[in-house]
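Each remark here refers to the structure printed beneath this line.
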There are 2 protein chains.
Amino acid sequence: MTGKLYGVGVGPGDPGLLTYQAGSVLEKADVICPAAAAGDKESLALKIAGEAVDISGKIEKLIFPMTSDEEEKKRAWQRAGEKVIRHLEKSRDVVFITLGDPLLYSTYIYLLEEIKDRDRSYPVETVPGVTAVTGCGSSLNLPLVKGEDRLAVVPAPSSEIAGFREELVDILAEFETVVILKPSRRFAQLKGILQDLDLLSQSVLISRSGRSRERIAAESELLDIEEIDYLSTLIITDKGGDFSRKGD
Amino acid sequence: MTGKLYGVGVGPGDPGLLTYQAGSVLEKADVICPAAAAGDKESLALKIAGEAVDISGKIEKLIFPMTSDEEEKKRAWQRAGEKVIRHLEKSRDVVFITLGDPLLYSTYIYLLEEIKDRDRSYPVETVPGVTAVTGCGSSLNLPLVKGEDRLAVVPAPSSEIAGFREELVDILAEFETVVILKPSRRFAQLKGILQDLDLLSQSVLISRSGRSRERIAAESELLDIEEIDYLSTLIITDKGGDFSRKGD
């Protein structure tokens with residue numbers, strides 16, 4: 001029998017937000033694989049998992065270089081897939097860990113495609129995690145949606161942002177709450193759009209939710225911010241939150 | 001010092017999907033409040049929590065009658081708020097538990113508004129939970145969104161469904177994946193819309209995810225279904241999942 005591939009979400013940042021199932025899968029795992037941009041780079045997912053569970057001695061990083069070269073990316077997925085399969089063939093259970101949830105914008109999806117794209121089929125189990133969307137809502141005690149409200153989850157554009165302003169207008173006409181993920185990559189332009197569309201009073205940014213140096217900025221405070229952490233989320237909502245801090 | 005109000009999400013169904021933090025808050029709580037439509041009605045959130053943690057002896061249901069009468073609803077929120085505040089004033093920590101996440105379509109939001117609407121302010125802490133959105137994705141090993149994809153979360157209309165078809169067309173033009181919550185209340189009409197818009201091949205329904213009698217139906221199988229469980233989620237996605245079962 002082959003081993004099993006698990007995709008495990010470790011949640012948005014606070015190690016207390018791992019699920020019991022995630023903890024139990026990590027404890028029993030033979031090999032635990034975080035994604036890393038290079039061999040010497042730290043993985044935040046690994047750090048969070050290690051704060052919750054003893055995972056020492058079974059870490060094996062999968063290297064996915066930060067590149068826009070599609071061929072290079074594809075080769076990295078293939079290498080990662082082969083590495084994982086070698087363990088599965090030796091009946092070892094492999095856990096790929098990821099921030100947030102494995103099926104929501106995670107590299108796990110590419111790994112899953114690699115594994116499925118083989119002659120032999122391997123057992124796969126995905127363990128969902130708390131996402132940055134609800135993690136940030138909770139850090140703010142901010143209602144996201146109720147009743148018939150609609151929620152949009154939209155990554156900030158990675159390149160061309162020209163059309164994003166108009167798309168955001170269309171989305172806000174249909175959705176009460178819009179969560180913009182990875183705002184760090186276009187923050188200056190996003191700020192301009194929020195100001196232009198008169199959305200600042202409905203906007204709140206949260207960085208490093210559940211980690212040290214967590215930071216919250218709302219409304220006009222957003223204009224003073226020049227640079228933000230990669231681990232940030234921008235929420236636009238007409239739900240009228242007072243953007244107050246957790247536990248206040 | 002007053003007690004603290006916690007809103008705790010117990011996840012989508014499997015008790016293993018409670019977070020460590022949810023478990024720890026439930027264990028230390030003085031009073032645990034699930035919402036119930038009547039005093040003799042079972043709460044699924046309570047059932048799930050009880051399968052993960054010993055919560056016996058501290059349960060106090062908050063009654064929210066199933067009604068469309070806004071005045072009656074408002075009175076129920078007020079009564080619930082007063083009940084919770086009586087405990088907080090006696091320095092007891094109160095945990096309101098909810099399926100999925102507390103800030104995503106939960107009655108916790110109304111309770112939070114009641115508590116905030118008072119002369120005195122009470123400490124509040126929200127503990128996020130795994131939502132049905134990612135819970136169902138994981139049960140299916142189904143990638144929801146990757147890269148620049150967008151995700152829409154849309155409750156099925158509670159009444160008037162006439163305009164929903166056109167709204168869905170608009171949403172599908174902007175979003176790669178649409179998750180329709182509470183499809184049970186309009187399932188016959190939703191099926192018709194999926195068929196009309198030629199979306200059946202991209203659709204999958206999952207009922208009772210992570211519970212006994214979990215059921216998955218995809219594509220043309222959907223047409224044969226007459227009635228579905230309240231605990232169901234419909235996912236429309238062009239991500240090309242093969243809708244295979246977890247652990248297969």
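Residue numbering restarts at 1 for every chain of the structure tokens, chains are lettered A, B, ... in their displayed order, and ligands are numbered from 1 as they appear.
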
(message) With only C-alpha atoms as the counted atoms, please give the residues lying no more than 12 Å from Val31 of chain B, apart from itself and same-chain residues fewer than 5 positions off, as a list in words.
(response) Gly3, Lys4, Leu5, Tyr6, Val25, Leu26, Ile55, Ser56, Gly57, Lys58, Ile59, Glu60, Lys61, Leu62, Lys83, Val84, Ile85, Arg86, His87, Leu88, Lys90, Ser91, Arg92, Asp93, Val94, Val95, Phe96 and Ile97 of chain B

**Residue list (helix (DSSP H, G or I), DSSP) for segment 48-157 of chain B, as number ranges by chain** = B: 48-52, 70-89, 108-116, 132-140

If we count only C-alpha atoms, which residues of chain A reach to within 7 Å of chain B? Please list them as a ChimeraX atom specification.
/A:16-21,103-106,109,123-130,134-135,137-138,141-148,150-155,157,246-248

Pairwise distance, atom CA of Ser184 of chain B with atom CA of Leu231 of chain B, equals 8.0 Å

task: Could you please write out, as a VMD selection string, every residue of segment 60-242 of chain A that DSSP assigns to strand (DSSP E or B)?
output: chain A and resid 62 to 63 94 to 98 100 104 124 to 127 145 151 to 155 177 to 181 203 to 207 215 to 218 232 to 237

Those residues you just picked out, can you put them in a file as a tab-separated table (two decimals), in the first residue's frame with N, CA and C atoms?
```tsv
chain	number	residue	atom	x	y	z
A	62	LEU	N	9.76	21.83	0.13
A	62	LEU	CA	9.60	21.75	-1.33
A	62	LEU	C	9.92	23.15	-1.87
A	63	ILE	N	10.84	23.19	-2.81
A	63	ILE	CA	11.30	24.50	-3.29
A	63	ILE	C	10.49	24.96	-4.51
A	94	VAL	N	2.65	11.75	3.72
A	94	VAL	CA	3.27	13.07	3.50
A	94	VAL	C	2.22	14.15	3.75
A	95	VAL	N	2.59	15.15	4.55
A	95	VAL	CA	1.68	16.27	4.80
A	95	VAL	C	2.24	17.54	4.17
A	96	PHE	N	1.50	18.10	3.26
A	96	PHE	CA	1.86	19.42	2.73
A	96	PHE	C	1.13	20.45	3.58
A	97	ILE	N	1.88	21.37	4.19
A	97	ILE	CA	1.21	22.36	5.05
A	97	ILE	C	1.19	23.72	4.37
A	98	THR	N	0.14	24.45	4.69
A	98	THR	CA	-0.10	25.72	4.02
A	98	THR	C	-0.78	26.68	4.98
A	100	GLY	N	-3.54	29.33	6.11
A	100	GLY	CA	-4.96	29.41	5.78
A	100	GLY	C	-5.52	28.05	5.43
A	104	LEU	N	-7.72	27.16	-1.04
A	104	LEU	CA	-7.97	28.58	-1.29
A	104	LEU	C	-6.63	29.28	-1.52
A	124	VAL	N	-5.57	10.78	-1.22
A	124	VAL	CA	-5.37	12.19	-0.86
A	124	VAL	C	-6.44	12.58	0.15
A	125	GLU	N	-6.06	13.32	1.18
A	125	GLU	CA	-7.05	13.86	2.11
A	125	GLU	C	-6.70	15.31	2.43
A	126	THR	N	-7.69	16.17	2.33
A	126	THR	CA	-7.46	17.58	2.60
A	126	THR	C	-8.10	17.96	3.93
A	127	VAL	N	-7.35	18.64	4.76
A	127	VAL	CA	-7.85	19.10	6.06
A	127	VAL	C	-7.98	20.62	5.99
A	145	VAL	N	-20.67	39.19	6.89
A	145	VAL	CA	-21.92	39.10	6.13
A	145	VAL	C	-23.00	38.48	7.01
A	151	LEU	N	-20.52	37.89	-0.11
A	151	LEU	CA	-19.11	38.10	0.20
A	151	LEU	C	-18.25	37.79	-1.01
A	152	ALA	N	-17.37	38.73	-1.39
A	152	ALA	CA	-16.44	38.50	-2.49
A	152	ALA	C	-15.02	38.41	-1.94
A	153	VAL	N	-14.28	37.41	-2.41
A	153	VAL	CA	-12.87	37.28	-2.04
A	153	VAL	C	-12.05	37.44	-3.32
A	154	VAL	N	-11.23	38.47	-3.33
A	154	VAL	CA	-10.57	38.93	-4.56
A	154	VAL	C	-9.08	39.18	-4.27
A	155	PRO	N	-8.17	38.50	-4.96
A	155	PRO	CA	-6.76	38.84	-4.75
A	155	PRO	C	-6.43	40.18	-5.43
A	177	THR	N	-19.71	42.90	1.12
A	177	THR	CA	-18.36	42.86	1.70
A	177	THR	C	-17.38	42.29	0.67
A	178	VAL	N	-16.27	43.00	0.50
A	178	VAL	CA	-15.22	42.54	-0.42
A	178	VAL	C	-13.93	42.41	0.38
A	179	VAL	N	-13.35	41.22	0.34
A	179	VAL	CA	-12.07	41.00	1.02
A	179	VAL	C	-10.99	40.94	-0.06
A	180	ILE	N	-10.02	41.85	0.04
A	180	ILE	CA	-8.93	41.86	-0.92
A	180	ILE	C	-7.70	41.22	-0.29
A	181	LEU	N	-7.29	40.09	-0.87
A	181	LEU	CA	-6.13	39.37	-0.35
A	181	LEU	C	-4.86	39.92	-1.01
A	203	SER	N	-13.28	50.92	4.94
A	203	SER	CA	-12.13	50.03	4.71
A	203	SER	C	-11.29	49.84	5.96
A	204	VAL	N	-10.80	48.62	6.12
A	204	VAL	CA	-9.90	48.32	7.23
A	204	VAL	C	-8.83	47.33	6.75
A	205	LEU	N	-7.62	47.57	7.18
A	205	LEU	CA	-6.50	46.73	6.81
A	205	LEU	C	-5.98	46.04	8.05
A	206	ILE	N	-5.73	44.75	7.95
A	206	ILE	CA	-5.12	44.08	9.08
A	206	ILE	C	-3.90	43.30	8.61
A	207	SER	N	-2.80	43.53	9.31
A	207	SER	CA	-1.54	42.88	8.96
A	207	SER	C	-1.10	41.97	10.09
A	215	ARG	N	-1.16	44.50	13.25
A	215	ARG	CA	-1.41	45.93	13.06
A	215	ARG	C	-2.75	46.13	12.35
A	216	ILE	N	-3.51	47.08	12.85
A	216	ILE	CA	-4.81	47.38	12.25
A	216	ILE	C	-4.84	48.85	11.87
A	217	ALA	N	-5.30	49.14	10.67
A	217	ALA	CA	-5.46	50.54	10.24
A	217	ALA	C	-6.78	50.66	9.51
A	218	ALA	N	-7.54	51.69	9.86
A	218	ALA	CA	-8.86	51.83	9.25
A	218	ALA	C	-9.06	53.25	8.74
A	232	SER	N	-1.12	40.50	4.92
A	232	SER	CA	-2.12	41.54	5.16
A	232	SER	C	-3.40	41.24	4.40
A	233	THR	N	-4.49	41.77	4.90
A	233	THR	CA	-5.80	41.60	4.28
A	233	THR	C	-6.54	42.92	4.37
A	234	LEU	N	-7.20	43.30	3.29
A	234	LEU	CA	-7.97	44.54	3.25
A	234	LEU	C	-9.44	44.18	3.14
A	235	ILE	N	-10.25	44.73	4.04
A	235	ILE	CA	-11.69	44.43	4.02
A	235	ILE	C	-12.47	45.72	3.72
A	236	ILE	N	-13.33	45.64	2.72
A	236	ILE	CA	-14.22	46.76	2.42
A	236	ILE	C	-15.63	46.28	2.73
A	237	THR	N	-16.32	46.97	3.62
A	237	THR	CA	-17.65	46.50	4.02
A	237	THR	C	-18.56	47.65	4.39
```

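If you count only C-alpha atoms and ignore residues fewer than 4 places along the chain from Gly81 of chain B, what sits within 8 Å of it is Trp77, Ile85, Leu111, Glu114 and Ile115 of chain B.
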
Could you write out the selected residues, including N, CA and C atoms, as a PDB file, in the first residue's frame?
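Below is the file out.pdb, written as the result:
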```pdb
ATOM      1  N   TRP B  77     -33.818  38.873  20.050  1.00  0.00           N
ATOM      2  CA  TRP B  77     -32.426  39.320  20.220  1.00  0.00           C
ATOM      3  C   TRP B  77     -32.248  40.040  21.543  1.00  0.00           C
ATOM      4  N   ILE B  85     -26.068  39.286  29.204  1.00  0.00           N
ATOM      5  CA  ILE B  85     -25.531  40.370  30.038  1.00  0.00           C
ATOM      6  C   ILE B  85     -25.679  40.063  31.532  1.00  0.00           C
ATOM      7  N   LEU B 111     -26.379  39.072  18.152  1.00  0.00           N
ATOM      8  CA  LEU B 111     -26.102  39.108  19.588  1.00  0.00           C
ATOM      9  C   LEU B 111     -25.043  40.179  19.887  1.00  0.00           C
ATOM     10  N   GLU B 114     -26.600  43.523  19.880  1.00  0.00           N
ATOM     11  CA  GLU B 114     -27.355  43.740  21.119  1.00  0.00           C
ATOM     12  C   GLU B 114     -26.432  44.138  22.272  1.00  0.00           C
ATOM     13  N   ILE B 115     -25.314  43.425  22.382  1.00  0.00           N
ATOM     14  CA  ILE B 115     -24.382  43.642  23.500  1.00  0.00           C
ATOM     15  C   ILE B 115     -23.711  45.011  23.377  1.00  0.00           C
TER      16      ILE B 115
END
```

Could you please determine the separation between atom CA of Ala38 of chain A and atom CA of Lys116 of chain A in Å, to one decimal place?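 Between atom CA of Ala38 of chain A and atom CA of Lys116 of chain A the gap works out to 25.0 Å.
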
Problem set entry | Point-to-point distance from atom CA of Gln202 of chain A to atom CA of Leu223 of chain A, Å rounded to tenths |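 Separation between atom CA of Gln202 of chain A and atom CA of Leu223 of chain A: 13.4 Å.
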
For Ala35 of chain A, which residue among A:Ala173, A:Thr67, A:Ile48, A:Leu99 is the nearest when counting only C-alpha atoms?
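That would be A:Leu99, the residue with the smallest distance to Ala35 of chain A.
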